[in-house]
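Asks: Dropping in final23.cif, which is mmCIF, C-alpha atoms, pLDDT in the B column; chains and numbers go by the auth columns:
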data_structure
loop_
_atom_site.group_PDB
_atom_site.id
_atom_site.type_symbol
_atom_site.label_atom_id
_atom_site.label_comp_id
_atom_site.label_asym_id
_atom_site.label_seq_id
_atom_site.Cartn_x
_atom_site.Cartn_y
_atom_site.Cartn_z
_atom_site.B_iso_or_equiv
_atom_site.auth_seq_id
_atom_site.auth_asym_id
ATOM 1 C CA ASN A 1 149.861 96.803 131.763 49.00 1 A
ATOM 2 C CA GLU A 2 146.804 97.362 133.825 58.00 2 A
ATOM 3 C CA ALA A 3 143.666 96.814 131.776 64.00 3 A
ATOM 4 C CA PHE A 4 141.331 98.567 134.219 66.00 4 A
ATOM 5 C CA THR A 5 141.648 101.807 136.098 69.00 5 A
ATOM 6 C CA ARG A 6 140.008 102.493 139.408 71.00 6 A
ATOM 7 C CA ASN A 7 137.484 105.303 139.658 72.00 7 A
ATOM 8 C CA ASP A 8 137.367 107.226 142.904 79.00 8 A
ATOM 9 C CA TYR A 9 133.826 108.431 142.340 80.00 9 A
ATOM 10 C CA CYS A 10 130.912 108.114 140.027 83.00 10 A
ATOM 11 C CA GLU A 11 128.248 110.675 139.199 86.00 11 A
ATOM 12 C CA ILE A 12 124.792 109.563 138.160 87.00 12 A
ATOM 13 C CA LYS A 13 122.066 111.823 136.834 90.00 13 A
ATOM 14 C CA ILE A 14 118.498 110.764 137.451 89.00 14 A
ATOM 15 C CA SER A 15 115.276 112.355 136.339 92.00 15 A
ATOM 16 C CA ARG A 16 113.348 114.759 138.569 91.00 16 A
ATOM 17 C CA TRP A 17 110.335 112.451 138.832 87.00 17 A
ATOM 18 C CA LEU A 18 112.527 109.594 140.061 86.00 18 A
ATOM 19 C CA MET A 19 114.247 111.844 142.595 88.00 19 A
ATOM 20 C CA ARG A 20 110.864 113.077 143.873 88.00 20 A
ATOM 21 C CA ALA A 21 109.671 109.474 144.208 83.00 21 A
ATOM 22 C CA ILE A 22 112.799 108.527 146.162 80.00 22 A
ATOM 23 C CA GLU A 23 112.490 111.534 148.470 84.00 23 A
ATOM 24 C CA ALA A 24 108.789 110.815 149.070 82.00 24 A
ATOM 25 C CA ASN A 25 109.578 107.153 149.838 76.00 25 A
ATOM 26 C CA GLU A 26 107.332 106.049 146.955 76.00 26 A
ATOM 27 C CA VAL A 27 109.739 103.541 145.431 77.00 27 A
ATOM 28 C CA VAL A 28 108.929 99.913 146.213 76.00 28 A
ATOM 29 C CA SER A 29 111.193 96.912 146.052 76.00 29 A
ATOM 30 C CA ILE A 30 110.571 93.983 143.754 80.00 30 A
ATOM 31 C CA SER A 31 110.733 90.358 144.822 79.00 31 A
ATOM 32 C CA ARG A 32 113.438 88.186 143.274 80.00 32 A
ATOM 33 C CA ASP A 33 110.590 85.859 142.281 84.00 33 A
ATOM 34 C CA TYR A 34 109.373 88.615 139.932 87.00 34 A
ATOM 35 C CA PHE A 35 112.157 87.635 137.540 88.00 35 A
ATOM 36 C CA ARG A 36 110.860 84.060 137.422 87.00 36 A
ATOM 37 C CA LEU A 37 107.529 85.194 135.977 90.00 37 A
ATOM 38 C CA ARG A 38 107.399 84.209 132.319 89.00 38 A
ATOM 39 C CA ARG A 39 104.614 86.321 130.860 92.00 39 A
ATOM 40 C CA PRO A 40 104.849 90.094 130.533 94.00 40 A
ATOM 41 C CA LEU A 41 101.258 90.350 131.802 96.00 41 A
ATOM 42 C CA GLU A 42 102.182 88.398 134.955 95.00 42 A
ATOM 43 C CA ARG A 43 105.005 90.831 135.625 94.00 43 A
ATOM 44 C CA ARG A 44 102.816 93.863 135.050 95.00 44 A
ATOM 45 C CA LEU A 45 100.100 92.470 137.343 96.00 45 A
ATOM 46 C CA TYR A 46 102.714 91.938 140.066 94.00 46 A
ATOM 47 C CA GLU A 47 103.946 95.533 139.632 92.00 47 A
ATOM 48 C CA ILE A 48 100.396 96.877 139.889 94.00 48 A
ATOM 49 C CA ALA A 49 99.613 94.707 142.933 93.00 49 A
ATOM 50 C CA ARG A 50 102.862 95.766 144.602 89.00 50 A
ATOM 51 C CA LYS A 51 102.087 99.440 144.095 87.00 51 A
ATOM 52 C CA PHE A 52 98.365 99.587 144.813 90.00 52 A
ATOM 53 C CA CYS A 53 97.751 96.685 147.186 89.00 53 A
ATOM 54 C CA GLY A 54 101.056 96.724 149.035 80.00 54 A
ATOM 55 C CA ASN A 55 100.337 95.448 152.544 75.00 55 A
ATOM 56 C CA LYS A 56 96.634 96.361 152.535 85.00 56 A
ATOM 57 C CA SER A 57 94.296 93.478 153.282 89.00 57 A
ATOM 58 C CA LYS A 58 92.770 93.810 149.794 93.00 58 A
ATOM 59 C CA TRP A 59 92.632 96.037 146.739 95.00 59 A
ATOM 60 C CA GLN A 60 90.107 95.818 143.924 96.00 60 A
ATOM 61 C CA ILE A 61 89.694 97.244 140.461 97.00 61 A
ATOM 62 C CA GLY A 62 87.350 96.729 137.536 97.00 62 A
ATOM 63 C CA LEU A 63 88.597 94.435 134.798 97.00 63 A
ATOM 64 C CA ALA A 64 88.511 97.155 132.105 97.00 64 A
ATOM 65 C CA ASN A 65 90.412 99.582 134.361 97.00 65 A
ATOM 66 C CA LEU A 66 93.007 96.916 135.125 97.00 66 A
ATOM 67 C CA GLN A 67 93.396 96.259 131.421 97.00 67 A
ATOM 68 C CA ASP A 68 94.069 99.988 130.916 97.00 68 A
ATOM 69 C CA ARG A 69 96.658 100.008 133.714 96.00 69 A
ATOM 70 C CA THR A 70 98.473 97.036 132.202 96.00 70 A
ATOM 71 C CA GLY A 71 98.628 98.673 128.791 95.00 71 A
ATOM 72 C CA SER A 72 97.148 95.586 127.155 95.00 72 A
ATOM 73 C CA ASN A 73 95.604 96.174 123.749 95.00 73 A
ATOM 74 C CA ALA A 74 93.978 92.733 123.600 95.00 74 A
ATOM 75 C CA PRO A 75 90.188 92.608 123.338 97.00 75 A
ATOM 76 C CA LEU A 76 88.598 92.549 126.806 97.00 76 A
ATOM 77 C CA LYS A 77 87.412 88.963 126.253 97.00 77 A
ATOM 78 C CA ARG A 78 91.008 87.834 125.559 97.00 78 A
ATOM 79 C CA PHE A 79 92.373 89.865 128.489 97.00 79 A
ATOM 80 C CA ARG A 80 89.834 88.168 130.794 97.00 80 A
ATOM 81 C CA LEU A 81 90.936 84.743 129.517 97.00 81 A
ATOM 82 C CA ASN A 82 94.628 85.613 130.036 96.00 82 A
ATOM 83 C CA LEU A 83 93.890 86.819 133.553 97.00 83 A
ATOM 84 C CA ARG A 84 91.982 83.617 134.364 96.00 84 A
ATOM 85 C CA GLU A 85 94.973 81.557 133.180 96.00 85 A
ATOM 86 C CA ILE A 86 97.286 83.591 135.420 95.00 86 A
ATOM 87 C CA ILE A 87 94.906 83.185 138.358 95.00 87 A
ATOM 88 C CA LYS A 88 94.752 79.428 137.771 94.00 88 A
ATOM 89 C CA ALA A 89 98.567 79.140 137.580 91.00 89 A
ATOM 90 C CA ASP A 90 98.797 81.144 140.848 90.00 90 A
ATOM 91 C CA VAL A 91 102.504 81.977 140.578 88.00 91 A
ATOM 92 C CA THR A 92 102.454 85.706 141.339 89.00 92 A
ATOM 93 C CA PRO A 93 104.788 86.314 144.296 86.00 93 A
ATOM 94 C CA PHE A 94 103.169 87.601 147.513 88.00 94 A
ATOM 95 C CA TYR A 95 99.767 88.333 145.924 92.00 95 A
ATOM 96 C CA SER A 96 96.738 86.327 144.903 93.00 96 A
ATOM 97 C CA PHE A 97 94.225 87.473 142.311 96.00 97 A
ATOM 98 C CA GLU A 98 90.522 86.731 142.038 96.00 98 A
ATOM 99 C CA LEU A 99 88.108 87.586 139.231 97.00 99 A
ATOM 100 C CA THR A 100 84.496 87.909 140.346 96.00 100 A
ATOM 101 C CA SER A 101 81.474 87.160 138.173 95.00 101 A
ATOM 102 C CA ASP A 102 80.858 90.898 137.698 96.00 102 A
ATOM 103 C CA ASP A 103 84.401 91.509 136.333 96.00 103 A
ATOM 104 C CA LEU A 104 85.899 92.887 139.526 97.00 104 A
ATOM 105 C CA VAL A 105 89.523 91.922 140.124 97.00 105 A
ATOM 106 C CA VAL A 106 90.389 91.470 143.804 97.00 106 A
ATOM 107 C CA VAL A 107 94.044 91.426 144.856 96.00 107 A
ATOM 108 C CA ARG A 108 95.129 90.216 148.301 93.00 108 A
ATOM 109 C CA PRO A 109 98.517 89.689 149.885 90.00 109 A
ATOM 110 C CA ARG A 110 99.107 86.015 150.409 84.00 110 A
ATOM 111 C CA LYS A 111 98.868 84.858 153.983 73.00 111 A
ATOM 112 C CA ALA A 112 102.432 84.120 154.888 56.00 112 A
ATOM 113 C CA HIS A 113 102.958 80.551 155.902 50.00 113 A
ATOM 114 C CA PRO A 114 105.368 80.012 158.759 47.00 114 A
ATOM 115 C CA THR A 115 108.737 80.370 157.076 50.00 115 A
ATOM 116 C CA ALA A 116 111.069 77.455 157.628 49.00 116 A
ATOM 117 C CA LEU A 117 114.728 78.186 158.262 51.00 117 A
ATOM 118 C CA SER A 118 115.515 74.618 159.086 54.00 118 A
ATOM 119 C CA PRO A 119 113.289 71.708 160.084 50.00 119 A
ATOM 120 C CA SER A 120 113.198 72.998 163.684 53.00 120 A
ATOM 121 C CA ILE A 121 112.954 76.799 163.129 62.00 121 A
ATOM 122 C CA ARG A 122 109.791 78.597 161.953 73.00 122 A
ATOM 123 C CA ILE A 123 108.422 82.138 162.110 80.00 123 A
ATOM 124 C CA PRO A 124 105.006 81.737 163.727 84.00 124 A
ATOM 125 C CA ASP A 125 101.997 83.643 162.403 82.00 125 A
ATOM 126 C CA TRP A 126 101.891 86.011 165.400 87.00 126 A
ATOM 127 C CA ALA A 127 105.510 87.089 164.781 87.00 127 A
ATOM 128 C CA ASP A 128 104.875 87.463 161.069 85.00 128 A
ATOM 129 C CA GLU A 129 101.907 89.757 161.775 86.00 129 A
ATOM 130 C CA LYS A 130 103.882 91.809 164.323 89.00 130 A
ATOM 131 C CA GLY A 131 106.715 92.231 161.811 87.00 131 A
ATOM 132 C CA ARG A 132 104.198 93.381 159.191 85.00 132 A
ATOM 133 C CA GLU A 133 102.755 95.920 161.665 86.00 133 A
ATOM 134 C CA ILE A 134 106.181 97.382 162.400 86.00 134 A
ATOM 135 C CA ALA A 135 107.063 97.562 158.699 83.00 135 A
ATOM 136 C CA ARG A 136 103.694 99.098 157.787 82.00 136 A
ATOM 137 C CA ALA A 137 103.937 101.726 160.550 83.00 137 A
ATOM 138 C CA LYS A 138 107.380 102.806 159.377 81.00 138 A
ATOM 139 C CA GLY A 139 106.642 102.597 155.639 81.00 139 A
ATOM 140 C CA TRP A 140 109.221 99.857 155.148 81.00 140 A
ATOM 141 C CA ASP A 141 109.100 96.961 152.731 82.00 141 A
ATOM 142 C CA TYR A 142 108.115 93.996 154.903 82.00 142 A
ATOM 143 C CA HIS A 143 109.418 91.431 152.435 80.00 143 A
ATOM 144 C CA ALA A 144 112.865 93.050 152.376 80.00 144 A
ATOM 145 C CA LEU A 145 112.920 93.170 156.201 82.00 145 A
ATOM 146 C CA GLN A 146 111.909 89.509 156.445 83.00 146 A
ATOM 147 C CA SER A 147 114.449 88.523 153.788 80.00 147 A
ATOM 148 C CA LYS A 148 117.281 90.254 155.686 83.00 148 A
ATOM 149 C CA TRP A 149 116.335 88.486 158.894 84.00 149 A
ATOM 150 C CA LEU A 150 116.079 85.129 157.144 81.00 150 A
ATOM 151 C CA ALA A 151 119.584 85.575 155.713 79.00 151 A
ATOM 152 C CA TYR A 152 120.903 86.518 159.168 81.00 152 A
ATOM 153 C CA ALA A 153 119.083 83.643 160.914 82.00 153 A
ATOM 154 C CA ASN A 154 120.294 81.139 158.301 75.00 154 A
ATOM 155 C CA GLU A 155 123.899 82.231 158.903 78.00 155 A
ATOM 156 C CA GLU A 156 123.417 81.895 162.654 80.00 156 A
ATOM 157 C CA ALA A 157 121.783 78.471 162.294 79.00 157 A
ATOM 158 C CA ALA A 158 124.623 77.287 160.036 76.00 158 A
ATOM 159 C CA SER A 159 127.170 78.246 162.695 77.00 159 A
ATOM 160 C CA GLY A 160 125.212 76.427 165.417 78.00 160 A
ATOM 161 C CA ASN A 161 123.624 79.545 166.936 81.00 161 A
ATOM 162 C CA ALA A 162 120.025 78.989 165.851 78.00 162 A
ATOM 163 C CA PRO A 163 117.513 81.150 167.746 81.00 163 A
ATOM 164 C CA LYS A 164 115.642 79.235 170.439 82.00 164 A
ATOM 165 C CA ASN A 165 112.455 81.228 169.787 86.00 165 A
ATOM 166 C CA ALA A 166 112.379 82.268 166.115 86.00 166 A
ATOM 167 C CA GLY A 167 109.218 84.370 166.555 88.00 167 A
ATOM 168 C CA ALA A 168 110.658 86.448 169.383 89.00 168 A
ATOM 169 C CA ALA A 169 114.001 86.739 167.578 89.00 169 A
ATOM 170 C CA PHE A 170 112.282 87.982 164.414 89.00 170 A
ATOM 171 C CA VAL A 171 110.147 90.567 166.247 89.00 171 A
ATOM 172 C CA GLY A 172 113.219 91.685 168.190 90.00 172 A
ATOM 173 C CA TYR A 173 115.107 92.105 164.933 89.00 173 A
ATOM 174 C CA CYS A 174 112.267 94.215 163.488 87.00 174 A
ATOM 175 C CA LYS A 175 112.229 96.437 166.594 86.00 175 A
ATOM 176 C CA LYS A 176 116.006 96.786 166.491 85.00 176 A
ATOM 177 C CA GLN A 177 115.801 97.893 162.848 79.00 177 A
ATOM 178 C CA GLU A 178 113.200 100.434 163.942 60.00 178 A
ATOM 179 C CA LYS A 179 115.741 101.992 166.350 58.00 179 A
ATOM 180 C CA LEU A 180 118.623 101.866 163.848 53.00 180 A
ATOM 181 C CA ARG A 181 116.897 103.842 161.120 53.00 181 A
#
How does the structure come out when it is put into structure tokens?
Replies:
Amino acid sequence: NEAFTRNDYCEIKISRWLMRAIEANEVVSISRDYFRLRRPLERRLYEIARKFCGNKSKWQIGLANLQDRTGSNAPLKRFRLNLREIIKADVTPFYSFELTSDDLVVVRPRKAHPTALSPSIRIPDWADEKGREIARAKGWDYHALQSKWLAYANEEAASGNAPKNAGAAFVGYCKKQEKLR
């Protein structure tokens, strides 16, 4: 008795708006760290930052407009307090938030710190910036590109083939991906 049967194919129906978004390359990836966020408002702020700030150097919005985008029905005073708590905790992946005295919310991508693969391997800032440029020019998700390279480099390092120049290896990987797509 075989409890499961194997399917040779699967058909999935998706809505027209989702298909249009996929075809227009308007779907963004979500960091794994997103799922570690505890508050629904933290998650929604990450989603908004991911969509509107992306890889731009900064994006800003008025507090009341941000409250509308989040769907929060809390009084503005309470929303401001919640946002200040989130800013103080500073756990939003890849983005930092700032609330100015005139209720303007400024969102910036976090400056990537050199990423450690092992105690001796780091992606220097210049390579990180070059990788971001390549990803931005092609409309790719930089974080996904970096994550793939980190997984590859970790495997290589574990087998004793660590790159001698992690920055050059990372930029080379980004350029190679550019040719493969």
Asks: Within 12 Å of (78.1, 91.9, 134.8) in the file's own coordinates, which protein, DNA or RNA residues have an atom, counting all atoms listed in the file? List them as a ChimeraX atom specification.
Replies: /A:62-64,99-104
Asks: Go ahead and write the residues just picked, C-alpha atoms, as a JSON list (two decimals), in the coordinates of the input.
Replies:
[["chain", "number", "residue", "atom", "x", "y", "z"],
["A", 62, "GLY", "CA", 87.35, 96.73, 137.54],
["A", 63, "LEU", "CA", 88.60, 94.44, 134.80],
["A", 64, "ALA", "CA", 88.51, 97.16, 132.10],
["A", 99, "LEU", "CA", 88.11, 87.59, 139.23],
["A", 100, "THR", "CA", 84.50, 87.91, 140.35],
["A", 101, "SER", "CA", 81.47, 87.16, 138.17],
["A", 102, "ASP", "CA", 80.86, 90.90, 137.70],
["A", 103, "ASP", "CA", 84.40, 91.51, 136.33],
["A", 104, "LEU", "CA", 85.90, 92.89, 139.53]]
Asks: Please provide the set of residues having any atom within 8 Å of segment 91-97 of chain A, restricted to all atoms listed in the file, with same-chain residues fewer than 4 positions apart removed, written as a PyMOL selection string.
Replies: chain A and resi 31+33-34+37+42+46+49+86-87+105-110
Asks: To one decimal in Å, tell me the separation between atom CA of Asn55 of chain A and atom CA of Ala157 of chain A.
Replies: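 That distance, rounded to one decimal, is 29.0 Å.
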Asks: Report, in Å with one decimal, the straight-line distance from atom CA of Glu156 of chain A to atom CA of Trp140 of chain A.
Replies: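 Answer for the atom CA of Glu156 of chain A to atom CA of Trp140 of chain A separation: 24.1 Å.
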Asks: For Ile61 of chain A, which of A:Pro40, A:Glu98, A:Cys174, A:Leu81 is the closest residue, counting all atoms listed in the file?
Replies: A:Glu98
Asks: For the structure provided, state which residues fall under the PyMOL selection byres ((chain A and resi 135) around 10), and present them as a compact mmCIF listing (two decimals) with C-alpha atoms, keeping the file's coordinate frame.
Replies:
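selection_18.txt was written with the following content:
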# COMPACT_ATOMS: atom_id res chain seq x y z
CA ASN A 55 100.34 95.45 152.54
CA GLU A 129 101.91 89.76 161.78
CA LYS A 130 103.88 91.81 164.32
CA GLY A 131 106.72 92.23 161.81
CA ARG A 132 104.20 93.38 159.19
CA GLU A 133 102.76 95.92 161.66
CA ILE A 134 106.18 97.38 162.40
CA ARG A 136 103.69 99.10 157.79
CA ALA A 137 103.94 101.73 160.55
CA LYS A 138 107.38 102.81 159.38
CA GLY A 139 106.64 102.60 155.64
CA TRP A 140 109.22 99.86 155.15
CA ASP A 141 109.10 96.96 152.73
CA TYR A 142 108.12 94.00 154.90
CA HIS A 143 109.42 91.43 152.44
CA ALA A 144 112.86 93.05 152.38
CA LEU A 145 112.92 93.17 156.20
CA GLN A 146 111.91 89.51 156.44
CA CYS A 174 112.27 94.22 163.49
CA LYS A 175 112.23 96.44 166.59
CA GLN A 177 115.80 97.89 162.85
CA GLU A 178 113.20 100.43 163.94
Asks: Report as a PyMOL selection string all protein, DNA and RNA residues lying within 12 Å of Ile48 of chain A, evaluated on all atoms listed in the file, omitting residues in the same chain fewer than 3 positions from it.
Replies: chain A and resi 28+30+41-45+51-54+59-61+65-71+92+95+97+105+107-108
Asks: Just need the box for segment 123-128 of chain A, edges along x, y and z, holding every atom the file lists for it with 5 Å tacked onto each side, so centre and edge lengths in Å to one decimal, as AutoDock Vina command-line options.
Replies:
--center_x 105.2 --center_y 84.6 --center_z 163.2 --size_x 16.5 --size_y 15.7 --size_z 14.3
Asks: To one decimal place in Å, what is the distance between atom CA of Tyr173 of chain A and atom CA of Tyr152 of chain A?
Replies: 9.9 Å
Asks: Just so the selection is clear, what residues does the PyMOL selection byres ((chain A and resi 124) around 8) cover here, as number ranges by chain?
Replies: A: 114-115, 122-123, 125-128, 166-167
Asks: Given all atoms listed in the file as the basis, pick out the residue of A:Lys164, A:Ser147, A:Glu26, A:Arg39 nearest to Leu83 of chain A.
Replies: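 Checking each candidate against Leu83 of chain A, we get A:Arg39 as the closest.
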